[in-house]
Structure formats: C-alpha cells, structure tokens
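Have a look at start38.pdb below; it lists PDB, C-alpha atoms.
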MODEL        1
ATOM      1  CA  PRO K   3      37.210-100.703 -12.896
ATOM      2  CA  ARG K   4      40.918-100.485 -12.254
ATOM      3  CA  LEU K   5      40.628-103.252  -9.660
ATOM      4  CA  ALA K   6      39.675-105.674 -12.430
ATOM      5  CA  LEU K   7      43.040-105.031 -14.096
ATOM      6  CA  ASP K   8      45.177-105.224 -10.953
ATOM      7  CA  GLY K   9      46.158-108.774 -10.091
ATOM      8  CA  GLY K  10      48.107-107.841  -6.998
ATOM      9  CA  GLU K  11      51.756-108.628  -6.381
ATOM     10  CA  ASN K  12      51.726-112.020  -8.104
ATOM     11  CA  GLY K  13      49.295-110.995 -10.846
ATOM     12  CA  ILE K  14      46.601-113.511  -9.963
ATOM     13  CA  GLU K  15      45.362-112.495  -6.513
ATOM     14  CA  LEU K  16      41.955-111.373  -7.791
ATOM     15  CA  ILE K  17      41.442-114.613  -9.715
ATOM     16  CA  GLU K  18      42.501-116.581  -6.648
ATOM     17  CA  ARG K  19      39.873-114.766  -4.558
ATOM     18  CA  ILE K  20      37.203-115.445  -7.186
ATOM     19  CA  LEU K  21      38.064-119.144  -7.212
ATOM     20  CA  ASP K  22      38.054-119.319  -3.407
ATOM     21  CA  GLN K  23      34.603-117.731  -3.290
ATOM     22  CA  ALA K  24      33.303-119.974  -6.064
ATOM     23  CA  VAL K  25      34.218-123.122  -4.119
ATOM     24  CA  GLU K  26      31.666-122.120  -1.479
ATOM     25  CA  ARG K  27      28.961-120.946  -3.889
ATOM     26  CA  VAL K  28      28.735-123.078  -7.012
ATOM     27  CA  SER K  29      26.379-126.012  -7.370
ATOM     28  CA  GLN K  30      27.462-129.562  -8.159
ATOM     29  CA  ARG K  31      26.931-128.835 -11.855
ATOM     30  CA  PHE K  32      28.400-125.530 -13.018
ATOM     31  CA  GLY K  33      30.493-123.764 -15.612
ATOM     32  CA  MET K  34      32.747-120.745 -15.275
ATOM     33  CA  LEU K  35      34.918-118.667 -17.602
ATOM     34  CA  ILE K  36      37.567-116.235 -16.387
ATOM     35  CA  GLU K  37      39.682-114.001 -18.598
ATOM     36  CA  LEU K  38      43.360-113.981 -17.698
ATOM     37  CA  ASP K  39      46.764-112.686 -18.688
ATOM     38  CA  PRO K  40      48.441-115.301 -20.886
ATOM     39  CA  ASP K  41      51.568-115.073 -18.703
ATOM     40  CA  HIS K  42      49.565-116.474 -15.776
ATOM     41  CA  ALA K  43      47.763-119.318 -17.562
ATOM     42  CA  ASP K  44      49.685-122.201 -15.965
ATOM     43  CA  ALA K  45      49.436-120.781 -12.447
ATOM     44  CA  VAL K  46      45.714-120.059 -12.791
ATOM     45  CA  ARG K  47      45.025-123.529 -14.212
ATOM     46  CA  ALA K  48      46.833-125.085 -11.236
ATOM     47  CA  LEU K  49      44.831-122.982  -8.757
ATOM     48  CA  ALA K  50      41.542-123.957 -10.371
ATOM     49  CA  ALA K  51      42.430-127.653 -10.581
ATOM     50  CA  ALA K  52      43.332-127.688  -6.891
ATOM     51  CA  ARG K  53      40.030-126.065  -5.909
ATOM     52  CA  PHE K  54      37.850-128.091  -8.285
ATOM     53  CA  PRO K  55      39.528-131.512  -8.554
ATOM     54  CA  THR K  56      36.446-133.209 -10.073
ATOM     55  CA  ALA K  57      35.933-130.554 -12.749
ATOM     56  CA  SER K  58      37.302-130.138 -16.241
ATOM     57  CA  VAL K  59      39.802-127.268 -16.051
ATOM     58  CA  ILE K  60      41.244-126.035 -19.324
ATOM     59  CA  ILE K  61      42.828-122.923 -20.768
ATOM     60  CA  GLU K  62      41.277-121.610 -23.985
ATOM     61  CA  ALA K  63      43.099-119.428 -26.495
ATOM     62  CA  ASP K  64      41.837-116.116 -27.828
ATOM     63  CA  LEU K  65      41.643-115.320 -31.545
ATOM     64  CA  THR K  66      45.365-114.503 -31.648
ATOM     65  CA  GLY K  67      46.281-117.913 -30.202
ATOM     66  CA  ARG K  68      47.260-116.639 -26.748
ATOM     67  CA  ASP K  69      46.078-118.491 -23.645
ATOM     68  CA  ARG K  70      43.349-116.112 -22.510
ATOM     69  CA  PHE K  71      40.484-117.885 -20.738
ATOM     70  CA  LEU K  72      40.166-120.336 -17.892
ATOM     71  CA  ALA K  73      37.214-122.674 -18.427
ATOM     72  CA  ILE K  74      35.927-124.765 -15.549
ATOM     73  CA  GLU K  75      33.059-127.202 -16.022
ATOM     74  CA  ARG K  76      31.697-129.795 -13.650
ATOM     75  CA  GLU K  77      28.786-132.109 -14.380
ATOM     76  CA  GLU K  78      26.507-133.553 -11.770
ATOM     77  CA  SER K  79      27.966-136.550 -10.038
ATOM     78  CA  ALA K  80      26.367-139.924 -10.679
ATOM     79  CA  VAL K  81      25.240-140.673  -7.145
TER      80      VAL K  81
ENDMDL
END
The structure in this file should be written as structure tokens.
Amino acid sequence: PRLALDGGENGIELIERILDQAVERVSQRFGMLIELDPDHADAVRALAAARFPTASVIIEADLTGRDRFLAIEREESAV
C-alpha cells in the first residue's frame, strides 16, 4: 500500500509509530527487522535504541551495501 512508502514529513513517522507500538507489545525476548530508506538509517537507529535500551540495535546493509534494515534483538534477562 502507498502508506507503507510514505514516511510522513520527516520520512520516518511510520517507523516511529511501529517502534512505539512494539514497546508495548513485544516480550522480553524478541527480534524485529524493519526495512528503511538508507538516508534515514542513523535517525531510525537512534529511535530504536532509545525505545529498546537493553536490546541490540544495528543497521544491516542490503546486497548493494546500502544501509537498508534495522535489526533489533533482545534476549531474556538473567533474573
């Protein structure tokens, strides 16, 4: 759908909404991949790291070497 390609005024509004919703829904142990525009990689990584401070948050490149995917992974805490 067109909505999936429209990031709003700053280009990352949809991803920001997804991350906000994920904070409330994911379990202690989870993984998530989100495709993104390479121009927004740093901003998206910062958003994800702020929302999931105990998770591994990295940007993965596509086959052409462009930053294309946000990967978030959090293991169960040792409690």
Residue neighbourhood range 38-55 of chain K, 10 Å, only C-alpha atoms, exclusion window fewer than 5 positions, as a count of residues only | 27
Interatomic distance between CA of Arg19 in chain K and CA of Glu77 in chain K?
-> 22.8 Å
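If you look at CA of Thr66 in chain K and CA of Glu11 in chain K, they are 26.7 Å away from each other.
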How far is it from CA of Leu65 in chain K to CA of Phe32 in chain K, in Å with one decimal?
->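 Calculated distance between CA of Leu65 in chain K and CA of Phe32 in chain K is 25.0 Å.
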Emit as AutoDock Vina command-line options the padded axis-aligned box for all listed atoms of range 41-59 of chain K, 4 Å per side, with centre and edge lengths in Å to one decimal.
--center_x 43.8 --center_y -124.1 --center_z -12.3 --size_x 23.6 --size_y 26.1 --size_z 20.8
